[in-house]
Amino acid sequence: MFTPIYGPVTSWRYGTSLGIDLIGEVSTCSFDCAYCQLGEIERKTQQRQIFVPTSTVIDALQDYAPWDLDVITFSGSGEPTLAENLGEAIAAVKEITQKPVIVLSNATLLNNADVRAALNQADRVSLKLDAPNPDLLRRINRPVSGLSWQQILDGLHRFRRDYPGIVDIQTMLLTPWTAAEETAYQELVEQLQPQEIQLNTPTRPKPIGHQLDGRGNHSSGDRPYAVRQLKSVSREVLQDFATRLQAAIAIPVRYAPAPH
Ligand code: SF4
């Protein structure tokens with residue numbers, strides 16, 4: 001049964017985090033990433049709407065009081081900025097829990113002023129940037145039609161200019177990048193100047209269909225549904241890229257620890 005709250009989960013990036021899912025039972029996103037832990041995205045769209053009313057979130061949140069957590073994270077069954085009530089829900093959750101709020105976003109809707117206003121309510125936003133060129137975007141993130149790489153970059157720059165909170169860039173590597181791709185990425189993050197860069201690689205097989213437990217941390221054990229293996233880079237490749245990047249730029253670079 002669907003509930004808009006999940007976890008708490010332990011995140012290598014943010015500590016103990018309670019997840020909030022404003023998207024609902026049908027996975028919904030403007031991307032259909034090759035590595036998505038939700039399985040193949042069921043509803044691919046850029047259209048915003050209210051999926052889960054804010055009152056439903058507020059009611060469910062009471063079960064987790066007194067919220068002994070580091071942060072509250074808006075993520076879940078798809079792209080949280082597609083939820084038209086995102087700003088309202090963030091404000092309500094902050095007021096009730098008095099905890100910092102993070103939004104994990106794929107950065108595809110940042111050209112929309114309403115989306116930027118909603119994200120302004122959050123303390124921290126972690127923005128996906130997996131593709132230093134349009135070809136990688138098409139192959140890794142598989143965006144809905146009409147969504148271009150340049151449009152996403154424009155939104156990232158626009159958001160970065162005005163957002164008063166902390167901005168992180170999260171990047172998933174499925175294969176080692178070429179030198180040209182690394183250089184292009186370095187230039188992009190230097191322009192964006194996030195507070196932190198977070199590098200990762202898939203460590204778990206991808207569910208074939210949507211499973212609600214895709215919202216949180218999977219255990220490393222068997223899962224009772226069909227999955228398929230994903231491409232990933234070794235810990236050494238991830239670490240070497242992080243080291244090269246860190247030597248070249250003044251922005252802190254972190255990479256995911258090995259799973260246990
Ligand atoms: S942006 Fe996130 S939710 Fe959307 S397809 Fe990619 S990994 Fe899945």
# chains A, B, ... in the order shown; residues from 1 in each chain; ligands from 1
>>> closest_atom_pairs(of="stretch 160-235 of chain A", to="stretch 117-135 of chain A", cutoff="12 Å", atoms="only C-alpha atoms", output="CSV")
residue,atom,partner,partner_atom,distance
A:Arg160,CA,A:Val125,CA,10.3
A:Arg161,CA,A:Asn120,CA,11.9
A:Asp162,CA,A:Asn120,CA,8.9
A:Tyr163,CA,A:Asn120,CA,6.1
A:Pro164,CA,A:Asn120,CA,7.0
A:Gly165,CA,A:Asp123,CA,5.2
A:Ile166,CA,A:Arg124,CA,4.5
A:Val167,CA,A:Val125,CA,5.1
A:Asp168,CA,A:Ser126,CA,4.5
A:Ile169,CA,A:Leu127,CA,4.9
A:Gln170,CA,A:Lys128,CA,4.9
A:Thr171,CA,A:Asp130,CA,4.7
A:Met172,CA,A:Asp130,CA,5.5
A:Leu173,CA,A:Asp130,CA,7.0
A:Leu174,CA,A:Asp130,CA,9.3
A:Thr175,CA,A:Asp130,CA,11.2
A:Trp177,CA,A:Pro132,CA,9.5
A:Thr178,CA,A:Pro132,CA,10.6
A:Ala179,CA,A:Pro132,CA,11.3
A:Ala180,CA,A:Pro132,CA,9.2
A:Glu181,CA,A:Pro132,CA,6.0
A:Glu182,CA,A:Pro132,CA,7.7
A:Thr183,CA,A:Pro132,CA,8.7
A:Ala184,CA,A:Pro132,CA,5.7
A:Tyr185,CA,A:Pro132,CA,5.0
A:Gln186,CA,A:Pro132,CA,8.7
A:Glu187,CA,A:Pro132,CA,9.2
A:Leu188,CA,A:Pro132,CA,7.6
A:Val189,CA,A:Leu129,CA,9.1
A:Leu192,CA,A:Leu129,CA,10.9
A:Pro194,CA,A:Ser126,CA,9.3
A:Gln195,CA,A:Arg124,CA,9.9
A:Glu196,CA,A:Ser126,CA,9.1
A:Ile197,CA,A:Ser126,CA,9.2
A:Gln198,CA,A:Ser126,CA,9.0
A:Leu199,CA,A:Asp130,CA,9.4
A:Asn200,CA,A:Asp130,CA,9.9
A:Thr201,CA,A:Asp130,CA,10.5
>>> residues_near_ligand(ligand="ligand 1", cutoff="9 Å", atoms="only C-alpha atoms and all ligand atoms", output="PDB file with all heavy atoms, in the first residue's frame")
ATOM      1  N   SER A  27       5.170   5.489 -10.937  1.00  0.00           N
ATOM      2  CA  SER A  27       6.440   6.203 -11.083  1.00  0.00           C
ATOM      3  C   SER A  27       6.311   7.210 -12.232  1.00  0.00           C
ATOM      4  O   SER A  27       5.797   6.884 -13.307  1.00  0.00           O
ATOM      5  CB  SER A  27       7.591   5.231 -11.318  1.00  0.00           C
ATOM      6  OG  SER A  27       7.411   4.523 -12.513  1.00  0.00           O
ATOM      7  N   THR A  28       6.764   8.444 -11.961  1.00  0.00           N
ATOM      8  CA  THR A  28       6.522   9.551 -12.895  1.00  0.00           C
ATOM      9  C   THR A  28       7.765  10.419 -12.966  1.00  0.00           C
ATOM     10  O   THR A  28       8.249  10.901 -11.936  1.00  0.00           O
ATOM     11  CB  THR A  28       5.326  10.405 -12.395  1.00  0.00           C
ATOM     12  OG1 THR A  28       4.196   9.539 -12.218  1.00  0.00           O
ATOM     13  CG2 THR A  28       4.990  11.517 -13.364  1.00  0.00           C
ATOM     14  N   CYS A  29       8.283  10.619 -14.174  1.00  0.00           N
ATOM     15  CA  CYS A  29       9.520  11.390 -14.282  1.00  0.00           C
ATOM     16  C   CYS A  29       9.673  11.942 -15.698  1.00  0.00           C
ATOM     17  O   CYS A  29       9.114  11.404 -16.651  1.00  0.00           O
ATOM     18  CB  CYS A  29      10.720  10.501 -13.934  1.00  0.00           C
ATOM     19  SG  CYS A  29      12.237  11.446 -13.660  1.00  0.00           S
ATOM     20  N   SER A  30      10.461  12.997 -15.820  1.00  0.00           N
ATOM     21  CA  SER A  30      10.799  13.563 -17.133  1.00  0.00           C
ATOM     22  C   SER A  30      12.022  12.867 -17.722  1.00  0.00           C
ATOM     23  O   SER A  30      12.396  13.114 -18.867  1.00  0.00           O
ATOM     24  CB  SER A  30      11.061  15.067 -16.986  1.00  0.00           C
ATOM     25  OG  SER A  30      11.842  15.298 -15.829  1.00  0.00           O
ATOM     26  N   PHE A  31      12.685  12.035 -16.933  1.00  0.00           N
ATOM     27  CA  PHE A  31      13.756  11.152 -17.394  1.00  0.00           C
ATOM     28  C   PHE A  31      13.271   9.704 -17.252  1.00  0.00           C
ATOM     29  O   PHE A  31      12.295   9.425 -16.535  1.00  0.00           O
ATOM     30  CB  PHE A  31      15.002  11.290 -16.504  1.00  0.00           C
ATOM     31  CG  PHE A  31      15.913  12.465 -16.819  1.00  0.00           C
ATOM     32  CD1 PHE A  31      16.946  12.797 -15.938  1.00  0.00           C
ATOM     33  CD2 PHE A  31      15.772  13.215 -17.984  1.00  0.00           C
ATOM     34  CE1 PHE A  31      17.808  13.857 -16.203  1.00  0.00           C
ATOM     35  CE2 PHE A  31      16.632  14.277 -18.260  1.00  0.00           C
ATOM     36  CZ  PHE A  31      17.658  14.602 -17.363  1.00  0.00           C
ATOM     37  N   ASP A  32      14.026   8.809 -17.880  1.00  0.00           N
ATOM     38  CA  ASP A  32      13.820   7.371 -17.671  1.00  0.00           C
ATOM     39  C   ASP A  32      15.223   6.765 -17.617  1.00  0.00           C
ATOM     40  O   ASP A  32      15.639   6.040 -18.514  1.00  0.00           O
ATOM     41  CB  ASP A  32      12.996   6.796 -18.839  1.00  0.00           C
ATOM     42  CG  ASP A  32      12.690   5.332 -18.661  1.00  0.00           C
ATOM     43  OD1 ASP A  32      12.800   4.822 -17.527  1.00  0.00           O
ATOM     44  OD2 ASP A  32      12.358   4.673 -19.671  1.00  0.00           O
ATOM     45  N   CYS A  33      15.959   7.128 -16.568  1.00  0.00           N
ATOM     46  CA  CYS A  33      17.395   6.827 -16.511  1.00  0.00           C
ATOM     47  C   CYS A  33      17.644   5.320 -16.630  1.00  0.00           C
ATOM     48  O   CYS A  33      16.912   4.509 -16.042  1.00  0.00           O
ATOM     49  CB  CYS A  33      17.994   7.330 -15.209  1.00  0.00           C
ATOM     50  SG  CYS A  33      17.878   9.118 -15.024  1.00  0.00           S
ATOM     51  N   ALA A  34      18.697   4.996 -17.346  1.00  0.00           N
ATOM     52  CA  ALA A  34      19.039   3.587 -17.557  1.00  0.00           C
ATOM     53  C   ALA A  34      19.248   2.869 -16.231  1.00  0.00           C
ATOM     54  O   ALA A  34      19.022   1.665 -16.138  1.00  0.00           O
ATOM     55  CB  ALA A  34      20.302   3.499 -18.405  1.00  0.00           C
ATOM     56  N   TYR A  35      19.653   3.582 -15.190  1.00  0.00           N
ATOM     57  CA  TYR A  35      19.985   2.955 -13.908  1.00  0.00           C
ATOM     58  C   TYR A  35      18.895   3.141 -12.844  1.00  0.00           C
ATOM     59  O   TYR A  35      19.092   2.782 -11.682  1.00  0.00           O
ATOM     60  CB  TYR A  35      21.296   3.546 -13.365  1.00  0.00           C
ATOM     61  CG  TYR A  35      21.248   5.050 -13.185  1.00  0.00           C
ATOM     62  CD1 TYR A  35      20.662   5.614 -12.063  1.00  0.00           C
ATOM     63  CD2 TYR A  35      21.781   5.898 -14.145  1.00  0.00           C
ATOM     64  CE1 TYR A  35      20.602   6.982 -11.902  1.00  0.00           C
ATOM     65  CE2 TYR A  35      21.734   7.271 -13.984  1.00  0.00           C
ATOM     66  CZ  TYR A  35      21.143   7.808 -12.867  1.00  0.00           C
ATOM     67  OH  TYR A  35      21.073   9.165 -12.710  1.00  0.00           O
ATOM     68  N   CYS A  36      17.734   3.694 -13.220  1.00  0.00           N
ATOM     69  CA  CYS A  36      16.747   4.092 -12.206  1.00  0.00           C
ATOM     70  C   CYS A  36      16.294   2.919 -11.345  1.00  0.00           C
ATOM     71  O   CYS A  36      15.876   1.869 -11.864  1.00  0.00           O
ATOM     72  CB  CYS A  36      15.542   4.730 -12.873  1.00  0.00           C
ATOM     73  SG  CYS A  36      14.346   5.325 -11.673  1.00  0.00           S
ATOM     74  N   GLN A  37      16.324   3.095 -10.040  1.00  0.00           N
ATOM     75  CA  GLN A  37      15.933   2.034  -9.116  1.00  0.00           C
ATOM     76  C   GLN A  37      14.413   1.874  -9.014  1.00  0.00           C
ATOM     77  O   GLN A  37      13.925   1.014  -8.297  1.00  0.00           O
ATOM     78  CB  GLN A  37      16.540   2.296  -7.732  1.00  0.00           C
ATOM     79  CG  GLN A  37      18.013   1.926  -7.649  1.00  0.00           C
ATOM     80  CD  GLN A  37      18.246   0.423  -7.806  1.00  0.00           C
ATOM     81  OE1 GLN A  37      17.572  -0.382  -7.191  1.00  0.00           O
ATOM     82  NE2 GLN A  37      19.205   0.047  -8.642  1.00  0.00           N
ATOM     83  N   LEU A  38      13.678   2.724  -9.725  1.00  0.00           N
ATOM     84  CA  LEU A  38      12.223   2.564  -9.754  1.00  0.00           C
ATOM     85  C   LEU A  38      11.794   1.621 -10.867  1.00  0.00           C
ATOM     86  O   LEU A  38      10.606   1.389 -11.065  1.00  0.00           O
ATOM     87  CB  LEU A  38      11.559   3.933  -9.960  1.00  0.00           C
ATOM     88  CG  LEU A  38      11.841   4.979  -8.880  1.00  0.00           C
ATOM     89  CD1 LEU A  38      11.329   6.343  -9.318  1.00  0.00           C
ATOM     90  CD2 LEU A  38      11.204   4.579  -7.560  1.00  0.00           C
ATOM     91  N   GLY A  39      12.735   1.095 -11.634  1.00  0.00           N
ATOM     92  CA  GLY A  39      12.389   0.301 -12.814  1.00  0.00           C
ATOM     93  C   GLY A  39      12.148   1.232 -13.989  1.00  0.00           C
ATOM     94  O   GLY A  39      12.478   2.414 -13.945  1.00  0.00           O
ATOM     95  N   GLU A  40      11.558   0.701 -15.064  1.00  0.00           N
ATOM     96  CA  GLU A  40      11.205   1.572 -16.197  1.00  0.00           C
ATOM     97  C   GLU A  40      10.146   2.556 -15.710  1.00  0.00           C
ATOM     98  O   GLU A  40       9.174   2.149 -15.065  1.00  0.00           O
ATOM     99  CB  GLU A  40      10.640   0.736 -17.357  1.00  0.00           C
ATOM    100  CG  GLU A  40      11.612  -0.292 -17.921  1.00  0.00           C
ATOM    101  CD  GLU A  40      12.825   0.354 -18.580  1.00  0.00           C
ATOM    102  OE1 GLU A  40      12.642   1.326 -19.331  1.00  0.00           O
ATOM    103  OE2 GLU A  40      13.956  -0.110 -18.333  1.00  0.00           O
ATOM    104  N   ILE A  41      10.356   3.828 -15.994  1.00  0.00           N
ATOM    105  CA  ILE A  41       9.389   4.837 -15.535  1.00  0.00           C
ATOM    106  C   ILE A  41       8.030   4.609 -16.212  1.00  0.00           C
ATOM    107  O   ILE A  41       7.940   4.444 -17.429  1.00  0.00           O
ATOM    108  CB  ILE A  41       9.932   6.258 -15.833  1.00  0.00           C
ATOM    109  CG1 ILE A  41      11.158   6.538 -14.950  1.00  0.00           C
ATOM    110  CG2 ILE A  41       8.849   7.320 -15.635  1.00  0.00           C
ATOM    111  CD1 ILE A  41      10.894   6.577 -13.447  1.00  0.00           C
ATOM    112  N   LYS A  44       5.950   9.012 -18.252  1.00  0.00           N
ATOM    113  CA  LYS A  44       7.042   9.906 -18.648  1.00  0.00           C
ATOM    114  C   LYS A  44       6.434  11.233 -19.069  1.00  0.00           C
ATOM    115  O   LYS A  44       5.685  11.282 -20.054  1.00  0.00           O
ATOM    116  CB  LYS A  44       7.839   9.278 -19.793  1.00  0.00           C
ATOM    117  CG  LYS A  44       8.503   7.971 -19.385  1.00  0.00           C
ATOM    118  CD  LYS A  44       8.960   7.155 -20.564  1.00  0.00           C
ATOM    119  CE  LYS A  44       9.259   5.743 -20.081  1.00  0.00           C
ATOM    120  NZ  LYS A  44       9.345   4.747 -21.104  1.00  0.00           N
ATOM    121  N   SER A  75      12.066  13.038  -2.447  1.00  0.00           N
ATOM    122  CA  SER A  75      12.580  12.257  -3.571  1.00  0.00           C
ATOM    123  C   SER A  75      11.457  11.300  -3.953  1.00  0.00           C
ATOM    124  O   SER A  75      10.371  11.756  -4.276  1.00  0.00           O
ATOM    125  CB  SER A  75      13.856  11.535  -3.131  1.00  0.00           C
ATOM    126  OG  SER A  75      14.360  10.750  -4.149  1.00  0.00           O
ATOM    127  N   GLY A  76      11.673   9.989  -3.895  1.00  0.00           N
ATOM    128  CA  GLY A  76      10.559   9.058  -3.998  1.00  0.00           C
ATOM    129  C   GLY A  76      10.343   8.449  -5.359  1.00  0.00           C
ATOM    130  O   GLY A  76      11.295   8.071  -6.037  1.00  0.00           O
ATOM    131  N   SER A  77       9.079   8.383  -5.788  1.00  0.00           N
ATOM    132  CA  SER A  77       8.693   7.591  -6.965  1.00  0.00           C
ATOM    133  C   SER A  77       8.812   8.364  -8.273  1.00  0.00           C
ATOM    134  O   SER A  77       8.032   8.148  -9.199  1.00  0.00           O
ATOM    135  CB  SER A  77       7.263   7.088  -6.797  1.00  0.00           C
ATOM    136  OG  SER A  77       7.193   6.205  -5.702  1.00  0.00           O
ATOM    137  N   GLY A  78       9.750   9.285  -8.348  1.00  0.00           N
ATOM    138  CA  GLY A  78       9.946  10.043  -9.571  1.00  0.00           C
ATOM    139  C   GLY A  78      10.546  11.400  -9.269  1.00  0.00           C
ATOM    140  O   GLY A  78      11.213  11.579  -8.253  1.00  0.00           O
ATOM    141  N   GLU A  79      10.267  12.351 -10.160  1.00  0.00           N
ATOM    142  CA  GLU A  79      10.883  13.679 -10.043  1.00  0.00           C
ATOM    143  C   GLU A  79      10.013  14.588  -9.154  1.00  0.00           C
ATOM    144  O   GLU A  79       8.894  14.943  -9.539  1.00  0.00           O
ATOM    145  CB  GLU A  79      11.043  14.275 -11.457  1.00  0.00           C
ATOM    146  CG  GLU A  79      11.444  15.729 -11.498  1.00  0.00           C
ATOM    147  CD  GLU A  79      12.672  16.044 -10.640  1.00  0.00           C
ATOM    148  OE1 GLU A  79      13.562  15.195 -10.488  1.00  0.00           O
ATOM    149  OE2 GLU A  79      12.713  17.167 -10.104  1.00  0.00           O
ATOM    150  N   PRO A  80      10.512  14.993  -7.981  1.00  0.00           N
ATOM    151  CA  PRO A  80       9.661  15.744  -7.053  1.00  0.00           C
ATOM    152  C   PRO A  80       9.205  17.109  -7.565  1.00  0.00           C
ATOM    153  O   PRO A  80       8.156  17.596  -7.146  1.00  0.00           O
ATOM    154  CB  PRO A  80      10.535  15.893  -5.797  1.00  0.00           C
ATOM    155  CG  PRO A  80      11.907  15.490  -6.175  1.00  0.00           C
ATOM    156  CD  PRO A  80      11.820  14.655  -7.406  1.00  0.00           C
ATOM    157  N   LEU A 104      16.008  16.122  -3.899  1.00  0.00           N
ATOM    158  CA  LEU A 104      16.822  15.478  -4.931  1.00  0.00           C
ATOM    159  C   LEU A 104      16.077  15.642  -6.255  1.00  0.00           C
ATOM    160  O   LEU A 104      14.960  15.139  -6.396  1.00  0.00           O
ATOM    161  CB  LEU A 104      17.015  13.983  -4.637  1.00  0.00           C
ATOM    162  CG  LEU A 104      17.507  13.591  -3.239  1.00  0.00           C
ATOM    163  CD1 LEU A 104      17.756  12.080  -3.177  1.00  0.00           C
ATOM    164  CD2 LEU A 104      18.771  14.351  -2.874  1.00  0.00           C
ATOM    165  N   SER A 105      16.687  16.355  -7.198  1.00  0.00           N
ATOM    166  CA  SER A 105      15.975  16.677  -8.441  1.00  0.00           C
ATOM    167  C   SER A 105      16.817  16.328  -9.657  1.00  0.00           C
ATOM    168  O   SER A 105      18.045  16.399  -9.609  1.00  0.00           O
ATOM    169  CB  SER A 105      15.639  18.171  -8.455  1.00  0.00           C
ATOM    170  OG  SER A 105      15.163  18.563  -9.727  1.00  0.00           O
ATOM    171  N   ASN A 106      16.130  16.025 -10.762  1.00  0.00           N
ATOM    172  CA  ASN A 106      16.873  15.757 -12.002  1.00  0.00           C
ATOM    173  C   ASN A 106      17.152  17.028 -12.798  1.00  0.00           C
ATOM    174  O   ASN A 106      17.701  16.962 -13.896  1.00  0.00           O
ATOM    175  CB  ASN A 106      16.154  14.703 -12.856  1.00  0.00           C
ATOM    176  CG  ASN A 106      14.824  15.194 -13.407  1.00  0.00           C
ATOM    177  OD1 ASN A 106      14.502  16.376 -13.358  1.00  0.00           O
ATOM    178  ND2 ASN A 106      14.042  14.271 -13.945  1.00  0.00           N
ATOM    179  N   ALA A 107      16.753  18.183 -12.269  1.00  0.00           N
ATOM    180  CA  ALA A 107      17.115  19.492 -12.829  1.00  0.00           C
ATOM    181  C   ALA A 107      16.482  19.784 -14.188  1.00  0.00           C
ATOM    182  O   ALA A 107      16.930  20.690 -14.890  1.00  0.00           O
ATOM    183  CB  ALA A 107      18.650  19.630 -12.935  1.00  0.00           C
ATOM    184  N   THR A 108      15.442  19.050 -14.563  1.00  0.00           N
ATOM    185  CA  THR A 108      14.881  19.262 -15.901  1.00  0.00           C
ATOM    186  C   THR A 108      13.849  20.387 -15.954  1.00  0.00           C
ATOM    187  O   THR A 108      13.514  20.858 -17.038  1.00  0.00           O
ATOM    188  CB  THR A 108      14.196  17.984 -16.421  1.00  0.00           C
ATOM    189  OG1 THR A 108      13.235  17.554 -15.457  1.00  0.00           O
ATOM    190  CG2 THR A 108      15.202  16.888 -16.691  1.00  0.00           C
ATOM    191  N   LYS A 128      20.845  16.572 -10.447  1.00  0.00           N
ATOM    192  CA  LYS A 128      21.472  15.536 -11.268  1.00  0.00           C
ATOM    193  C   LYS A 128      22.166  16.153 -12.478  1.00  0.00           C
ATOM    194  O   LYS A 128      21.588  16.975 -13.186  1.00  0.00           O
ATOM    195  CB  LYS A 128      20.376  14.562 -11.721  1.00  0.00           C
ATOM    196  CG  LYS A 128      20.899  13.339 -12.438  1.00  0.00           C
ATOM    197  CD  LYS A 128      19.765  12.421 -12.896  1.00  0.00           C
ATOM    198  CE  LYS A 128      18.979  11.807 -11.776  1.00  0.00           C
ATOM    199  NZ  LYS A 128      19.787  10.982 -10.870  1.00  0.00           N
ATOM    200  N   ILE A 140      21.880   7.872 -21.254  1.00  0.00           N
ATOM    201  CA  ILE A 140      21.803   7.550 -19.816  1.00  0.00           C
ATOM    202  C   ILE A 140      20.485   8.002 -19.195  1.00  0.00           C
ATOM    203  O   ILE A 140      19.838   7.241 -18.486  1.00  0.00           O
ATOM    204  CB  ILE A 140      22.979   8.197 -19.061  1.00  0.00           C
ATOM    205  CG1 ILE A 140      24.274   7.549 -19.534  1.00  0.00           C
ATOM    206  CG2 ILE A 140      22.825   8.053 -17.548  1.00  0.00           C
ATOM    207  CD1 ILE A 140      25.506   8.127 -18.921  1.00  0.00           C
ATOM    208  N   ASN A 141      20.099   9.243 -19.490  1.00  0.00           N
ATOM    209  CA  ASN A 141      18.908   9.778 -18.819  1.00  0.00           C
ATOM    210  C   ASN A 141      17.626   9.584 -19.630  1.00  0.00           C
ATOM    211  O   ASN A 141      16.538   9.682 -19.061  1.00  0.00           O
ATOM    212  CB  ASN A 141      19.096  11.262 -18.506  1.00  0.00           C
ATOM    213  CG  ASN A 141      20.294  11.534 -17.618  1.00  0.00           C
ATOM    214  OD1 ASN A 141      21.208  12.247 -17.994  1.00  0.00           O
ATOM    215  ND2 ASN A 141      20.328  10.944 -16.431  1.00  0.00           N
ATOM    216  N   ARG A 142      17.759   9.361 -20.927  1.00  0.00           N
ATOM    217  CA  ARG A 142      16.621   9.085 -21.790  1.00  0.00           C
ATOM    218  C   ARG A 142      15.437  10.035 -21.502  1.00  0.00           C
ATOM    219  O   ARG A 142      14.375   9.606 -21.012  1.00  0.00           O
ATOM    220  CB  ARG A 142      16.217   7.609 -21.646  1.00  0.00           C
ATOM    221  CG  ARG A 142      17.401   6.677 -21.909  1.00  0.00           C
ATOM    222  CD  ARG A 142      17.032   5.235 -21.958  1.00  0.00           C
ATOM    223  NE  ARG A 142      16.504   4.716 -20.720  1.00  0.00           N
ATOM    224  CZ  ARG A 142      16.191   3.443 -20.502  1.00  0.00           C
ATOM    225  NH1 ARG A 142      16.359   2.566 -21.469  1.00  0.00           N
ATOM    226  NH2 ARG A 142      15.719   3.043 -19.349  1.00  0.00           N
ATOM    227  N   PRO A 143      15.620  11.342 -21.755  1.00  0.00           N
ATOM    228  CA  PRO A 143      14.577  12.315 -21.412  1.00  0.00           C
ATOM    229  C   PRO A 143      13.320  12.180 -22.275  1.00  0.00           C
ATOM    230  O   PRO A 143      13.381  11.612 -23.370  1.00  0.00           O
ATOM    231  CB  PRO A 143      15.263  13.660 -21.695  1.00  0.00           C
ATOM    232  CG  PRO A 143      16.377  13.366 -22.625  1.00  0.00           C
ATOM    233  CD  PRO A 143      16.804  11.948 -22.368  1.00  0.00           C
ATOM    234  N   ARG A 215      12.374   3.395  -3.584  1.00  0.00           N
ATOM    235  CA  ARG A 215      12.521   4.757  -3.057  1.00  0.00           C
ATOM    236  C   ARG A 215      13.621   4.855  -2.015  1.00  0.00           C
ATOM    237  O   ARG A 215      14.176   5.923  -1.795  1.00  0.00           O
ATOM    238  CB  ARG A 215      11.202   5.216  -2.402  1.00  0.00           C
ATOM    239  CG  ARG A 215      10.022   5.187  -3.324  1.00  0.00           C
ATOM    240  CD  ARG A 215       8.765   5.698  -2.648  1.00  0.00           C
ATOM    241  NE  ARG A 215       8.376   4.925  -1.477  1.00  0.00           N
ATOM    242  CZ  ARG A 215       7.269   5.141  -0.765  1.00  0.00           C
ATOM    243  NH1 ARG A 215       6.443   6.109  -1.111  1.00  0.00           N
ATOM    244  NH2 ARG A 215       6.982   4.399   0.277  1.00  0.00           N
TER     245      ARG A 215
END
>>> closest_residue(among="A:Thr45, A:Thr3, A:Gln191, A:Gln150", to="A:Glu25", atoms="only C-alpha atoms")
A:Thr3
>>> atom_distance(atom1="atom CA of A:Leu137", atom2="atom CA of A:Gln151")
11.9 Å
>>> decode(residues="stretch 28-44 of chain A", atoms="N, CA and C atoms", output="short mmCIF file (atom, residue, chain, number, x, y, z; two decimals), in the first residue's frame")
data_model
loop_
_atom_site.label_atom_id
_atom_site.label_comp_id
_atom_site.auth_asym_id
_atom_site.auth_seq_id
_atom_site.Cartn_x
_atom_site.Cartn_y
_atom_site.Cartn_z
N THR A 28 6.76 8.44 -11.96
CA THR A 28 6.52 9.55 -12.90
C THR A 28 7.76 10.42 -12.97
N CYS A 29 8.28 10.62 -14.17
CA CYS A 29 9.52 11.39 -14.28
C CYS A 29 9.67 11.94 -15.70
N SER A 30 10.46 13.00 -15.82
CA SER A 30 10.80 13.56 -17.13
C SER A 30 12.02 12.87 -17.72
N PHE A 31 12.68 12.03 -16.93
CA PHE A 31 13.76 11.15 -17.39
C PHE A 31 13.27 9.70 -17.25
N ASP A 32 14.03 8.81 -17.88
CA ASP A 32 13.82 7.37 -17.67
C ASP A 32 15.22 6.77 -17.62
N CYS A 33 15.96 7.13 -16.57
CA CYS A 33 17.40 6.83 -16.51
C CYS A 33 17.64 5.32 -16.63
N ALA A 34 18.70 5.00 -17.35
CA ALA A 34 19.04 3.59 -17.56
C ALA A 34 19.25 2.87 -16.23
N TYR A 35 19.65 3.58 -15.19
CA TYR A 35 19.98 2.95 -13.91
C TYR A 35 18.89 3.14 -12.84
N CYS A 36 17.73 3.69 -13.22
CA CYS A 36 16.75 4.09 -12.21
C CYS A 36 16.29 2.92 -11.34
N GLN A 37 16.32 3.10 -10.04
CA GLN A 37 15.93 2.03 -9.12
C GLN A 37 14.41 1.87 -9.01
N LEU A 38 13.68 2.72 -9.72
CA LEU A 38 12.22 2.56 -9.75
C LEU A 38 11.79 1.62 -10.87
N GLY A 39 12.74 1.09 -11.63
CA GLY A 39 12.39 0.30 -12.81
C GLY A 39 12.15 1.23 -13.99
N GLU A 40 11.56 0.70 -15.06
CA GLU A 40 11.20 1.57 -16.20
C GLU A 40 10.15 2.56 -15.71
N ILE A 41 10.36 3.83 -15.99
CA ILE A 41 9.39 4.84 -15.53
C ILE A 41 8.03 4.61 -16.21
N GLU A 42 6.97 4.60 -15.39
CA GLU A 42 5.65 4.26 -15.92
C GLU A 42 4.96 5.44 -16.60
N ARG A 43 5.16 6.66 -16.05
CA ARG A 43 4.52 7.84 -16.66
C ARG A 43 5.63 8.84 -16.96
N LYS A 44 5.95 9.01 -18.25
CA LYS A 44 7.04 9.91 -18.65
C LYS A 44 6.43 11.23 -19.07
#
